[in-house]
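Dropping target.cif in here (mmCIF, C-alpha atoms):
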```cif
data_target
#
loop_
_atom_site.group_PDB
_atom_site.id
_atom_site.type_symbol
_atom_site.label_atom_id
_atom_site.label_comp_id
_atom_site.auth_asym_id
_atom_site.auth_seq_id
_atom_site.Cartn_x
_atom_site.Cartn_y
_atom_site.Cartn_z
ATOM 1 C CA MET A 893 -14.637 100.310 -76.471
ATOM 2 C CA HIS A 894 -11.339 99.345 -78.048
ATOM 3 C CA ARG A 895 -11.090 95.541 -77.871
ATOM 4 C CA VAL A 896 -7.672 94.132 -76.870
ATOM 5 C CA VAL A 897 -7.117 90.372 -77.132
ATOM 6 C CA ALA A 898 -3.986 88.590 -75.913
ATOM 7 C CA LEU A 899 -3.006 85.405 -77.746
ATOM 8 C CA VAL A 900 -1.497 82.911 -75.279
ATOM 9 C CA GLN A 901 0.047 79.491 -75.751
ATOM 10 C CA PRO A 902 1.380 76.719 -73.517
ATOM 11 C CA VAL A 903 3.565 77.369 -71.529
ATOM 12 C CA GLN A 904 2.529 81.005 -71.099
ATOM 13 C CA SER A 905 4.767 83.493 -69.302
ATOM 14 C CA THR A 906 2.609 85.224 -66.710
ATOM 15 C CA PHE A 907 4.592 88.450 -66.378
ATOM 16 C CA GLU A 908 4.262 89.539 -70.004
ATOM 17 C CA LEU A 909 0.556 88.688 -69.987
ATOM 18 C CA GLY A 910 0.228 90.649 -66.754
ATOM 19 C CA CYS A 911 1.849 93.708 -68.358
ATOM 20 C CA ALA A 912 -0.903 93.848 -70.977
ATOM 21 C CA MET A 913 -3.624 93.074 -68.435
ATOM 22 C CA GLU A 914 -2.509 95.853 -66.065
ATOM 23 C CA VAL A 915 -2.627 98.521 -68.782
ATOM 24 C CA PHE A 916 -5.634 97.424 -70.835
ATOM 25 C CA GLY A 917 -7.705 95.177 -68.588
ATOM 26 C CA THR A 918 -7.646 96.484 -65.019
ATOM 27 C CA ALA A 919 -10.461 98.761 -63.826
ATOM 28 C CA ARG A 920 -9.283 101.642 -61.624
ATOM 29 C CA ASP A 921 -11.329 104.158 -59.681
ATOM 30 C CA GLY A 922 -11.106 107.593 -61.255
ATOM 31 C CA VAL A 923 -9.584 106.351 -64.527
ATOM 32 C CA PRO A 924 -11.928 106.277 -67.539
ATOM 33 C CA ARG A 925 -12.085 102.900 -69.268
ATOM 34 C CA TYR A 926 -11.481 102.914 -72.996
ATOM 35 C CA TYR A 927 -10.479 99.268 -73.451
ATOM 36 C CA GLU A 928 -11.956 95.832 -72.922
ATOM 37 C CA PHE A 929 -9.490 92.974 -72.521
ATOM 38 C CA ASP A 930 -9.730 89.271 -73.268
ATOM 39 C CA VAL A 931 -7.490 86.248 -73.765
ATOM 40 C CA CYS A 932 -7.619 83.528 -76.412
ATOM 41 C CA THR A 933 -5.609 80.495 -77.440
ATOM 42 C CA GLU A 934 -5.524 78.060 -80.334
ATOM 43 C CA GLU A 935 -7.064 75.210 -78.338
ATOM 44 C CA PRO A 936 -9.489 76.605 -75.720
ATOM 45 C CA GLY A 937 -9.240 75.101 -72.273
ATOM 46 C CA THR A 938 -6.487 74.894 -69.684
ATOM 47 C CA VAL A 939 -3.209 76.631 -70.536
ATOM 48 C CA PRO A 940 -0.214 75.910 -68.259
ATOM 49 C CA THR A 941 1.987 78.846 -67.232
ATOM 50 C CA THR A 942 5.583 79.411 -66.221
ATOM 51 C CA ALA A 943 4.349 80.227 -62.702
ATOM 52 C CA GLY A 944 3.123 76.679 -62.137
ATOM 53 C CA TYR A 945 -0.592 77.386 -62.207
ATOM 54 C CA ALA A 946 -2.961 77.038 -65.171
ATOM 55 C CA LEU A 947 -5.117 79.565 -66.976
ATOM 56 C CA SER A 948 -8.654 78.750 -68.011
ATOM 57 C CA VAL A 949 -9.034 80.198 -71.518
ATOM 58 C CA PRO A 950 -12.498 79.609 -73.003
ATOM 59 C CA HIS A 951 -11.932 81.548 -76.244
ATOM 60 C CA GLY A 952 -10.330 80.220 -79.402
ATOM 61 C CA LEU A 953 -8.796 82.061 -82.342
ATOM 62 C CA SER A 954 -12.193 83.399 -83.410
ATOM 63 C CA ALA A 955 -11.734 86.000 -80.638
ATOM 64 C CA LEU A 956 -9.197 87.691 -82.912
ATOM 65 C CA ASP A 957 -11.857 88.313 -85.556
ATOM 66 C CA ASP A 958 -13.163 91.433 -83.824
ATOM 67 C CA ALA A 959 -10.010 92.521 -81.934
ATOM 68 C CA ASP A 960 -8.772 96.076 -82.453
ATOM 69 C CA THR A 961 -5.404 95.217 -80.911
ATOM 70 C CA VAL A 962 -3.852 91.745 -80.753
ATOM 71 C CA ILE A 963 -1.068 91.220 -78.218
ATOM 72 C CA ILE A 964 1.397 88.336 -78.267
ATOM 73 C CA PRO A 965 2.757 88.392 -74.693
ATOM 74 C CA ALA A 966 5.963 86.356 -75.159
ATOM 75 C CA TRP A 967 6.499 83.195 -77.187
ATOM 76 C CA ALA A 968 8.252 80.215 -75.653
ATOM 77 C CA PRO A 969 10.200 78.463 -76.781
ATOM 78 C CA VAL A 970 11.129 81.133 -79.307
ATOM 79 C CA GLU A 971 11.899 78.418 -81.856
ATOM 80 C CA ALA A 972 8.306 77.154 -81.709
ATOM 81 C CA PRO A 973 6.691 77.460 -85.148
ATOM 82 C CA LEU A 974 3.349 79.090 -85.809
ATOM 83 C CA SER A 975 0.623 76.652 -86.650
ATOM 84 C CA PRO A 976 -1.125 77.445 -89.955
ATOM 85 C CA ARG A 977 -4.283 78.341 -88.006
ATOM 86 C CA VAL A 978 -2.504 80.846 -85.768
ATOM 87 C CA ARG A 979 -0.614 82.370 -88.681
ATOM 88 C CA ASP A 980 -3.787 82.764 -90.734
ATOM 89 C CA ALA A 981 -5.663 84.278 -87.783
ATOM 90 C CA LEU A 982 -2.930 86.881 -87.212
ATOM 91 C CA LEU A 983 -2.735 87.763 -90.903
ATOM 92 C CA ARG A 984 -6.516 88.091 -91.150
ATOM 93 C CA ALA A 985 -6.602 90.358 -88.120
ATOM 94 C CA HIS A 986 -3.871 92.548 -89.587
ATOM 95 C CA ALA A 987 -5.505 92.658 -93.016
ATOM 96 C CA ARG A 988 -8.738 94.054 -91.595
ATOM 97 C CA GLY A 989 -6.866 96.751 -89.642
ATOM 98 C CA ALA A 990 -6.106 95.291 -86.215
ATOM 99 C CA ARG A 991 -2.909 96.451 -84.495
ATOM 100 C CA LEU A 992 -0.481 93.588 -83.743
ATOM 101 C CA VAL A 993 1.718 94.079 -80.667
ATOM 102 C CA THR A 994 4.421 91.877 -79.147
ATOM 103 C CA ILE A 995 6.054 91.849 -75.746
ATOM 104 C CA CYS A 996 9.590 90.510 -75.385
ATOM 105 C CA SER A 997 9.969 87.169 -77.243
ATOM 106 C CA GLY A 998 6.523 87.505 -78.828
ATOM 107 C CA VAL A 999 8.325 89.160 -81.733
ATOM 108 C CA PHE A 1000 9.493 85.717 -82.904
ATOM 109 C CA ALA A 1001 5.878 84.709 -83.525
ATOM 110 C CA LEU A 1002 5.090 87.939 -85.348
ATOM 111 C CA ALA A 1003 8.240 87.632 -87.459
ATOM 112 C CA ARG A 1004 7.022 84.240 -88.684
ATOM 113 C CA THR A 1005 4.008 85.919 -90.280
ATOM 114 C CA GLY A 1006 6.298 87.952 -92.551
ATOM 115 C CA LEU A 1007 4.739 91.234 -91.379
ATOM 116 C CA LEU A 1008 8.084 92.465 -90.031
ATOM 117 C CA ASP A 1009 10.043 91.866 -93.233
ATOM 118 C CA GLY A 1010 11.814 95.058 -94.291
ATOM 119 C CA ARG A 1011 10.876 96.767 -91.024
ATOM 120 C CA SER A 1012 12.606 97.499 -87.740
ATOM 121 C CA ALA A 1013 11.769 95.583 -84.564
ATOM 122 C CA THR A 1014 13.167 94.973 -81.115
ATOM 123 C CA THR A 1015 13.233 92.265 -78.474
ATOM 124 C CA HIS A 1016 15.118 91.484 -75.283
ATOM 125 C CA TRP A 1017 18.787 92.290 -75.907
ATOM 126 C CA GLU A 1018 19.745 88.695 -75.055
ATOM 127 C CA ARG A 1019 17.621 87.430 -77.985
ATOM 128 C CA ALA A 1020 18.455 90.192 -80.459
ATOM 129 C CA GLU A 1021 21.230 88.324 -82.264
ATOM 130 C CA GLN A 1022 19.084 85.208 -82.599
ATOM 131 C CA LEU A 1023 16.240 87.290 -84.043
ATOM 132 C CA ARG A 1024 18.626 88.875 -86.537
ATOM 133 C CA ARG A 1025 20.065 85.502 -87.507
ATOM 134 C CA GLU A 1026 16.722 83.726 -87.961
ATOM 135 C CA PHE A 1027 14.952 86.624 -89.689
ATOM 136 C CA PRO A 1028 17.516 88.492 -91.807
ATOM 137 C CA ALA A 1029 14.756 90.515 -93.504
ATOM 138 C CA VAL A 1030 13.936 92.176 -90.148
ATOM 139 C CA ARG A 1031 16.010 95.192 -89.069
ATOM 140 C CA VAL A 1032 16.703 94.414 -85.436
ATOM 141 C CA GLU A 1033 17.201 97.403 -83.113
ATOM 142 C CA PRO A 1034 18.401 95.878 -79.827
ATOM 143 C CA ASP A 1035 18.837 99.219 -78.034
ATOM 144 C CA GLN A 1036 15.208 100.333 -78.361
ATOM 145 C CA LEU A 1037 12.618 99.863 -75.610
ATOM 146 C CA TYR A 1038 9.945 99.562 -78.277
ATOM 147 C CA VAL A 1039 9.369 100.140 -81.986
ATOM 148 C CA ASP A 1040 5.928 101.239 -83.204
ATOM 149 C CA HIS A 1041 4.977 101.251 -86.888
ATOM 150 C CA GLY A 1042 1.325 101.953 -86.267
ATOM 151 C CA ASP A 1043 -0.017 98.622 -87.487
ATOM 152 C CA VAL A 1044 2.655 96.503 -85.778
ATOM 153 C CA ALA A 1045 4.677 97.237 -82.655
ATOM 154 C CA THR A 1046 7.354 95.326 -80.743
ATOM 155 C CA SER A 1047 8.903 95.770 -77.305
ATOM 156 C CA ALA A 1048 12.103 94.721 -75.619
ATOM 157 C CA GLY A 1049 12.464 92.806 -72.342
ATOM 158 C CA ALA A 1050 9.309 92.106 -70.367
ATOM 159 C CA GLY A 1051 9.266 95.389 -68.438
ATOM 160 C CA ALA A 1052 9.461 97.313 -71.693
ATOM 161 C CA GLY A 1053 6.109 95.762 -72.556
ATOM 162 C CA ILE A 1054 4.532 98.124 -70.027
ATOM 163 C CA GLU A 1055 6.354 101.021 -71.682
ATOM 164 C CA LEU A 1056 4.944 100.023 -75.068
ATOM 165 C CA CYS A 1057 1.411 99.533 -73.731
ATOM 166 C CA LEU A 1058 1.460 102.975 -72.077
ATOM 167 C CA HIS A 1059 2.813 104.432 -75.323
ATOM 168 C CA LEU A 1060 -0.155 102.933 -77.187
ATOM 169 C CA VAL A 1061 -2.550 104.420 -74.620
ATOM 170 C CA ARG A 1062 -0.840 107.782 -75.082
ATOM 171 C CA ARG A 1063 -1.226 107.464 -78.846
ATOM 172 C CA ASP A 1064 -4.873 106.402 -78.583
ATOM 173 C CA HIS A 1065 -6.105 108.808 -75.905
ATOM 174 C CA GLY A 1066 -3.440 111.440 -75.285
ATOM 175 C CA ALA A 1067 -0.600 112.106 -72.862
ATOM 176 C CA ALA A 1068 -2.843 113.249 -70.001
ATOM 177 C CA HIS A 1069 -4.815 109.981 -69.882
ATOM 178 C CA ALA A 1070 -1.623 107.897 -70.179
ATOM 179 C CA ALA A 1071 -0.043 109.911 -67.346
ATOM 180 C CA LEU A 1072 -3.118 109.389 -65.154
ATOM 181 C CA LEU A 1073 -3.029 105.644 -65.784
ATOM 182 C CA ALA A 1074 0.730 105.501 -65.158
ATOM 183 C CA ARG A 1075 0.290 107.383 -61.881
ATOM 184 C CA HIS A 1076 -2.224 104.784 -60.690
ATOM 185 C CA MET A 1077 0.260 102.054 -61.659
ATOM 186 C CA VAL A 1078 3.050 103.936 -59.834
ATOM 187 C CA MET A 1079 4.955 104.036 -63.101
ATOM 188 C CA PRO A 1080 6.668 106.917 -64.895
ATOM 189 C CA PRO A 1081 4.627 107.956 -67.958
ATOM 190 C CA HIS A 1082 7.706 107.419 -70.093
ATOM 191 C CA ARG A 1083 11.158 105.955 -69.422
ATOM 192 C CA ASP A 1084 14.192 107.579 -70.996
ATOM 193 C CA GLY A 1085 16.923 105.756 -72.843
ATOM 194 C CA GLY A 1086 17.128 102.259 -74.266
ATOM 195 C CA GLN A 1087 17.757 98.794 -72.931
ATOM 196 C CA VAL A 1088 20.431 98.489 -70.306
ATOM 197 C CA ARG A 1089 22.381 95.347 -71.049
ATOM 198 C CA VAL A 1090 22.788 93.640 -67.737
ATOM 199 C CA THR A 1091 25.413 91.105 -66.712
ATOM 200 C CA PRO A 1092 25.139 88.538 -63.928
ATOM 201 C CA GLN A 1093 27.503 90.562 -61.767
ATOM 202 C CA ALA A 1094 27.593 94.345 -61.792
ATOM 203 C CA PRO A 1095 31.005 95.657 -62.892
ATOM 204 C CA ALA A 1096 33.130 97.423 -60.344
ATOM 205 C CA ARG A 1097 32.884 101.189 -60.304
ATOM 206 C CA ASP A 1098 35.356 102.763 -62.699
ATOM 207 C CA GLU A 1099 36.352 106.190 -64.015
ATOM 208 C CA LEU A 1100 33.390 106.226 -66.418
ATOM 209 C CA ASP A 1101 31.003 105.957 -63.466
ATOM 210 C CA ASP A 1102 32.812 108.884 -61.832
ATOM 211 C CA LEU A 1103 32.462 110.891 -65.054
ATOM 212 C CA LEU A 1104 28.710 110.230 -65.239
ATOM 213 C CA GLU A 1105 28.258 111.325 -61.633
ATOM 214 C CA TRP A 1106 30.370 114.441 -62.248
ATOM 215 C CA ALA A 1107 28.382 115.360 -65.376
ATOM 216 C CA GLY A 1108 25.057 114.651 -63.690
ATOM 217 C CA GLU A 1109 25.864 117.232 -61.027
ATOM 218 C CA ARG A 1110 26.685 119.871 -63.666
ATOM 219 C CA LEU A 1111 23.862 119.566 -66.195
ATOM 220 C CA GLY A 1112 23.282 123.323 -66.122
ATOM 221 C CA THR A 1113 26.823 124.068 -67.276
ATOM 222 C CA PRO A 1114 28.188 123.802 -70.823
ATOM 223 C CA LEU A 1115 29.042 120.134 -71.370
ATOM 224 C CA SER A 1116 30.260 118.620 -74.597
ATOM 225 C CA VAL A 1117 31.471 115.221 -75.755
ATOM 226 C CA ALA A 1118 34.916 116.706 -76.301
ATOM 227 C CA GLY A 1119 34.916 118.149 -72.779
ATOM 228 C CA LEU A 1120 33.818 114.854 -71.231
ATOM 229 C CA ALA A 1121 36.507 113.001 -73.169
ATOM 230 C CA ALA A 1122 39.155 115.500 -72.072
ATOM 231 C CA ARG A 1123 38.212 114.956 -68.437
ATOM 232 C CA LEU A 1124 39.042 111.255 -68.872
ATOM 233 C CA ASN A 1125 42.134 112.065 -70.939
ATOM 234 C CA VAL A 1126 40.792 110.078 -73.887
ATOM 235 C CA SER A 1127 39.719 111.018 -77.394
ATOM 236 C CA PRO A 1128 36.035 111.687 -78.185
ATOM 237 C CA ARG A 1129 36.113 108.584 -80.365
ATOM 238 C CA THR A 1130 37.343 106.427 -77.481
ATOM 239 C CA LEU A 1131 34.727 107.864 -75.154
ATOM 240 C CA THR A 1132 32.004 107.163 -77.717
ATOM 241 C CA ARG A 1133 33.159 103.571 -78.051
ATOM 242 C CA ARG A 1134 33.149 103.092 -74.284
ATOM 243 C CA PHE A 1135 29.622 104.515 -74.035
ATOM 244 C CA HIS A 1136 28.384 102.182 -76.758
ATOM 245 C CA ASP A 1137 30.041 99.190 -75.079
ATOM 246 C CA ARG A 1138 28.563 100.017 -71.672
ATOM 247 C CA PHE A 1139 25.187 101.592 -72.458
ATOM 248 C CA GLY A 1140 24.469 100.968 -76.127
ATOM 249 C CA THR A 1141 24.198 104.704 -76.821
ATOM 250 C CA SER A 1142 26.393 107.730 -77.525
ATOM 251 C CA PRO A 1143 27.662 110.280 -74.951
ATOM 252 C CA GLY A 1144 25.584 113.000 -76.608
ATOM 253 C CA LYS A 1145 22.374 110.972 -76.409
ATOM 254 C CA TRP A 1146 23.113 110.010 -72.812
ATOM 255 C CA LEU A 1147 23.666 113.649 -71.872
ATOM 256 C CA LEU A 1148 20.442 114.750 -73.561
ATOM 257 C CA SER A 1149 18.525 111.940 -71.853
ATOM 258 C CA ARG A 1150 19.867 113.007 -68.445
ATOM 259 C CA ARG A 1151 18.913 116.615 -69.102
ATOM 260 C CA VAL A 1152 15.367 115.688 -70.076
ATOM 261 C CA ALA A 1153 15.100 113.344 -67.077
ATOM 262 C CA GLU A 1154 16.174 116.158 -64.750
ATOM 263 C CA ALA A 1155 13.680 118.500 -66.429
ATOM 264 C CA ARG A 1156 10.945 115.970 -65.725
ATOM 265 C CA ARG A 1157 11.969 115.813 -62.057
ATOM 266 C CA LEU A 1158 11.846 119.603 -61.771
ATOM 267 C CA LEU A 1159 8.452 119.728 -63.476
ATOM 268 C CA GLU A 1160 7.152 117.149 -61.001
ATOM 269 C CA ASP A 1161 8.737 118.533 -57.811
ATOM 270 C CA THR A 1162 8.923 122.315 -58.295
ATOM 271 C CA ASP A 1163 6.892 125.238 -59.608
ATOM 272 C CA LEU A 1164 9.794 126.666 -61.592
ATOM 273 C CA PRO A 1165 8.768 128.133 -64.968
ATOM 274 C CA VAL A 1166 9.777 126.227 -68.067
ATOM 275 C CA ASP A 1167 12.473 128.707 -69.111
ATOM 276 C CA ALA A 1168 14.111 128.475 -65.675
ATOM 277 C CA ILE A 1169 14.064 124.674 -65.866
ATOM 278 C CA ALA A 1170 15.588 124.807 -69.349
ATOM 279 C CA ALA A 1171 18.488 126.900 -68.030
ATOM 280 C CA ARG A 1172 18.942 124.662 -65.013
ATOM 281 C CA VAL A 1173 19.303 121.486 -67.079
ATOM 282 C CA GLY A 1174 21.537 123.016 -69.737
ATOM 283 C CA LEU A 1175 19.024 123.248 -72.600
ATOM 284 C CA ALA A 1176 19.366 127.041 -72.804
ATOM 285 C CA SER A 1177 15.808 128.041 -73.718
ATOM 286 C CA ALA A 1178 12.190 127.037 -73.227
ATOM 287 C CA VAL A 1179 11.891 126.482 -76.988
ATOM 288 C CA ASN A 1180 14.779 124.016 -76.986
ATOM 289 C CA LEU A 1181 13.444 122.234 -73.899
ATOM 290 C CA ARG A 1182 9.974 121.881 -75.464
ATOM 291 C CA ARG A 1183 11.441 120.382 -78.631
ATOM 292 C CA ARG A 1184 13.707 117.931 -76.814
ATOM 293 C CA PHE A 1185 11.019 117.068 -74.273
ATOM 294 C CA ARG A 1186 8.440 116.308 -76.967
ATOM 295 C CA ASP A 1187 10.950 114.121 -78.830
ATOM 296 C CA GLN A 1188 11.680 111.986 -75.761
ATOM 297 C CA VAL A 1189 8.494 112.093 -73.694
ATOM 298 C CA GLY A 1190 5.853 112.585 -76.381
ATOM 299 C CA THR A 1191 4.301 115.730 -74.922
ATOM 300 C CA THR A 1192 5.236 119.284 -73.902
ATOM 301 C CA PRO A 1193 6.626 120.242 -70.477
ATOM 302 C CA GLY A 1194 3.478 122.215 -69.679
ATOM 303 C CA ALA A 1195 1.129 119.376 -70.635
ATOM 304 C CA TYR A 1196 3.282 116.921 -68.683
ATOM 305 C CA ARG A 1197 3.080 119.040 -65.523
ATOM 306 C CA ARG A 1198 -0.676 119.586 -65.904
ATOM 307 C CA ALA A 1199 -1.315 115.863 -66.430
ATOM 308 C CA LEU A 1200 0.587 114.897 -63.306
ATOM 309 C CA ARG A 1201 -1.124 117.519 -61.169
ATOM 310 C CA ALA A 1202 -4.637 117.162 -62.554
ATOM 311 C CA PRO A 1203 -7.162 115.934 -59.999
ATOM 312 C CA GLU A 1204 -8.521 112.461 -60.556
ATOM 313 C CA PRO A 1205 -11.973 112.565 -62.207
ATOM 314 C CA ALA A 1206 -13.758 111.032 -59.204
ATOM 315 C CA ARG A 1207 -12.315 113.617 -56.830
ATOM 316 C CA ALA A 1208 -13.010 116.483 -59.209
ATOM 317 C CA ALA A 1209 -16.660 115.443 -59.412
ATOM 318 C CA SER A 1210 -16.960 115.488 -55.643
#
```

Now that the file is in, can you turn its structure into structure tokens?
Amino acid sequence: MHRVVALVQPVQSTFELGCAMEVFGTARDGVPRYYEFDVCTEEPGTVPTTAGYALSVPHGLSALDDADTVIIPAWAPVEAPLSPRVRDALLRAHARGARLVTICSGVFALARTGLLDGRSATTHWERAEQLRREFPAVRVEPDQLYVDHGDVATSAGAGAGIELCLHLVRRDHGAAHAALLARHMVMPPHRDGGQVRVTPQAPARDELDDLLEWAGERLGTPLSVAGLAARLNVSPRTLTRRFHDRFGTSPGKWLLSRRVAEARRLLEDTDLPVDAIAARVGLASAVNLRRRFRDQVGTTPGAYRRALRAPEPARAAS
């Protein structure tokens, strides 16, 4: 069993801890268990939470000594320093080969170990500039849902922590097992795109929204950045700037993401062959669809369809 240990601290955010628990620590009928999950803290005992109730955590930092994966599920306040004991425990775990994973603001704790120096990392888009300012040696990528280096991995806002945890399951045990687990969680096996930067009030619908709707209805036709720009009577450069301002990505990447997302829907809801789906979403050929699909989803269209339609082990046995 792969041992996953979450390191919590007062006052612990319950949602981020719950993300890790749901993926690695919840037993589900028909889903093989490959992980055991535990929680530790620097001072064992009662740990208050943001939800108003307390956690009883009997394990101290020694629980990290035999962890295969260590998760830091948020870190609040983000300015809180690491105690020497916590820092040493994290560095020891990493040195012996444990995987260190952060959810949302947990990256601030990991950054204080120095293990992210010279590497890319992400966090909630609202904290990205602060992370960049406080840790200039870290290459902050605010538009990524997660960044995985193998030995260390970081995720964006709290919900992206689930994305990262499912990604780690997919890496550990394959796309089919991750898809089965995601189906039980009523989650997509993989979410396209990056962080959507939200504002307190949604902006009024504008011509860019109309363009996205228009393009989304015509994915099977030839679409180009130049053609999209011409439809708005702007230059490709202006369109690219507007996409970056609104979505944090380019028109070309958005279009590819929509095509792959539509391919996933057709794989889930129809029995169309892969080459027919490729033509329908504007990716021309099955070869091109397989390449793009693997890049974004981490598996092939055929394997994705088989994983979603495979019977659960308990039912297959009966």

Given the file shown, determine the residues that the PyMOL selection byres ((chain A and resi 1021-1038) around 10) selects; report them as a CSV table (one decimal) with C-alpha atoms, keeping the file's coordinate frame.
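File expr_13.csv, as written:
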```csv
chain,number,residue,atom,x,y,z
A,970,VAL,CA,11.1,81.1,-79.3
A,971,GLU,CA,11.9,78.4,-81.9
A,994,THR,CA,4.4,91.9,-79.1
A,995,ILE,CA,6.1,91.8,-75.7
A,996,CYS,CA,9.6,90.5,-75.4
A,997,SER,CA,10.0,87.2,-77.2
A,999,VAL,CA,8.3,89.2,-81.7
A,1000,PHE,CA,9.5,85.7,-82.9
A,1003,ALA,CA,8.2,87.6,-87.5
A,1004,ARG,CA,7.0,84.2,-88.7
A,1006,GLY,CA,6.3,88.0,-92.6
A,1007,LEU,CA,4.7,91.2,-91.4
A,1008,LEU,CA,8.1,92.5,-90.0
A,1009,ASP,CA,10.0,91.9,-93.2
A,1010,GLY,CA,11.8,95.1,-94.3
A,1011,ARG,CA,10.9,96.8,-91.0
A,1012,SER,CA,12.6,97.5,-87.7
A,1013,ALA,CA,11.8,95.6,-84.6
A,1014,THR,CA,13.2,95.0,-81.1
A,1015,THR,CA,13.2,92.3,-78.5
A,1016,HIS,CA,15.1,91.5,-75.3
A,1017,TRP,CA,18.8,92.3,-75.9
A,1018,GLU,CA,19.7,88.7,-75.1
A,1019,ARG,CA,17.6,87.4,-78.0
A,1020,ALA,CA,18.5,90.2,-80.5
A,1039,VAL,CA,9.4,100.1,-82.0
A,1040,ASP,CA,5.9,101.2,-83.2
A,1045,ALA,CA,4.7,97.2,-82.7
A,1046,THR,CA,7.4,95.3,-80.7
A,1047,SER,CA,8.9,95.8,-77.3
A,1048,ALA,CA,12.1,94.7,-75.6
A,1049,GLY,CA,12.5,92.8,-72.3
A,1050,ALA,CA,9.3,92.1,-70.4
A,1051,GLY,CA,9.3,95.4,-68.4
A,1052,ALA,CA,9.5,97.3,-71.7
A,1053,GLY,CA,6.1,95.8,-72.6
A,1054,ILE,CA,4.5,98.1,-70.0
A,1055,GLU,CA,6.4,101.0,-71.7
A,1056,LEU,CA,4.9,100.0,-75.1
A,1057,CYS,CA,1.4,99.5,-73.7
A,1059,HIS,CA,2.8,104.4,-75.3
A,1083,ARG,CA,11.2,106.0,-69.4
A,1084,ASP,CA,14.2,107.6,-71.0
A,1085,GLY,CA,16.9,105.8,-72.8
A,1086,GLY,CA,17.1,102.3,-74.3
A,1087,GLN,CA,17.8,98.8,-72.9
A,1088,VAL,CA,20.4,98.5,-70.3
A,1089,ARG,CA,22.4,95.3,-71.0
A,1139,PHE,CA,25.2,101.6,-72.5
A,1140,GLY,CA,24.5,101.0,-76.1
A,1141,THR,CA,24.2,104.7,-76.8
```

Pick from A:Arg1075, A:Arg991, A:His1069, A:Arg920 nearest to Gly1042 (chain A), counting only C-alpha atoms:
A:Arg991

Leaving out Ala943 (chain A) and any residue of its chain fewer than 5 positions from it, which residues lie within 10 Å of it when counting all atoms listed in the file, given as a ChimeraX atom specification?
/A:903-907

Residue with smallest distance to Pro940 (chain A) - pool A:Ala1176, A:Arg925, A:Pro902, A:Gly910, counting only C-alpha atoms:
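Closest to Pro940 (chain A) of all the choices is A:Pro902.
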
Two-atom distance - CA of Val1117 (chain A), CA of Ser1142 (chain A) (Å)
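Interatomic distance here is 9.2 Å.
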
Please report the interatomic distance between CA of Ala1070 (chain A) and CA of Val1152 (chain A) in Å with one decimal.
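Computed distance, CA of Ala1070 (chain A) to CA of Val1152 (chain A), equals 18.7 Å.
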
Evaluated on this file, the PyMOL selection byres ((chain A and resi 1150) around 10) picks out some residues - which ones are they, written as a short mmCIF file (atom, residue, chain, number, x, y, z; two decimals) with C-alpha atoms, keeping the file's coordinate frame?
```
data_model
loop_
_atom_site.label_atom_id
_atom_site.label_comp_id
_atom_site.auth_asym_id
_atom_site.auth_seq_id
_atom_site.Cartn_x
_atom_site.Cartn_y
_atom_site.Cartn_z
CA ASP A 1084 14.19 107.58 -71.00
CA GLY A 1085 16.92 105.76 -72.84
CA LEU A 1104 28.71 110.23 -65.24
CA ALA A 1107 28.38 115.36 -65.38
CA GLY A 1108 25.06 114.65 -63.69
CA LEU A 1111 23.86 119.57 -66.19
CA GLY A 1144 25.58 113.00 -76.61
CA LYS A 1145 22.37 110.97 -76.41
CA TRP A 1146 23.11 110.01 -72.81
CA LEU A 1147 23.67 113.65 -71.87
CA LEU A 1148 20.44 114.75 -73.56
CA SER A 1149 18.52 111.94 -71.85
CA ARG A 1151 18.91 116.62 -69.10
CA VAL A 1152 15.37 115.69 -70.08
CA ALA A 1153 15.10 113.34 -67.08
CA GLU A 1154 16.17 116.16 -64.75
CA ALA A 1155 13.68 118.50 -66.43
CA ARG A 1156 10.94 115.97 -65.72
CA VAL A 1173 19.30 121.49 -67.08
#
```

Distance query Leu983 (chain A) at most 12 Å, all atoms listed in the file, self and fewer than 6 positions along chain excluded, as a PyMOL selection string:
chain A and resi 953+956-957+962+974+976-977+989-992+1001-1008+1043-1044

Among the residues A:Arg1063, A:Arg1183, A:Ala1195, A:Gly998, the one that comes closest to Pro973 (chain A) [using only C-alpha atoms]
A:Gly998

Between CA of Glu914 (chain A) and CA of Val993 (chain A), measure the distance and give it in Å to one decimal.
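CA of Val993 (chain A) lies 15.3 Å from CA of Glu914 (chain A).
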
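Between Arg984 (chain A) and the candidates A:Val1166, A:Ala955, A:Leu1181, A:Ala1122, the tightest atom-to-atom separation, counting all atoms listed in the file, involves A:Ala955.
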
Assuming the chain letters and numbering stay as they are in my file, what does the PyMOL selection byres ((chain A and resi 1192) around 12) actually select? List them as a short mmCIF file (atom, residue, chain, number, x, y, z; two decimals) with C-alpha atoms, in the coordinates of the input.
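Result file is out-v7.cif:
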```cif
data_model
loop_
_atom_site.label_atom_id
_atom_site.label_comp_id
_atom_site.auth_asym_id
_atom_site.auth_seq_id
_atom_site.Cartn_x
_atom_site.Cartn_y
_atom_site.Cartn_z
CA GLY A 1066 -3.44 111.44 -75.28
CA ALA A 1067 -0.60 112.11 -72.86
CA ALA A 1068 -2.84 113.25 -70.00
CA VAL A 1152 15.37 115.69 -70.08
CA ALA A 1155 13.68 118.50 -66.43
CA ARG A 1156 10.94 115.97 -65.72
CA LEU A 1159 8.45 119.73 -63.48
CA VAL A 1166 9.78 126.23 -68.07
CA ALA A 1178 12.19 127.04 -73.23
CA VAL A 1179 11.89 126.48 -76.99
CA ASN A 1180 14.78 124.02 -76.99
CA LEU A 1181 13.44 122.23 -73.90
CA ARG A 1182 9.97 121.88 -75.46
CA ARG A 1183 11.44 120.38 -78.63
CA ARG A 1184 13.71 117.93 -76.81
CA PHE A 1185 11.02 117.07 -74.27
CA ARG A 1186 8.44 116.31 -76.97
CA ASP A 1187 10.95 114.12 -78.83
CA GLN A 1188 11.68 111.99 -75.76
CA VAL A 1189 8.49 112.09 -73.69
CA GLY A 1190 5.85 112.58 -76.38
CA THR A 1191 4.30 115.73 -74.92
CA PRO A 1193 6.63 120.24 -70.48
CA GLY A 1194 3.48 122.22 -69.68
CA ALA A 1195 1.13 119.38 -70.64
CA TYR A 1196 3.28 116.92 -68.68
CA ARG A 1197 3.08 119.04 -65.52
CA ARG A 1198 -0.68 119.59 -65.90
CA ALA A 1199 -1.32 115.86 -66.43
#
```
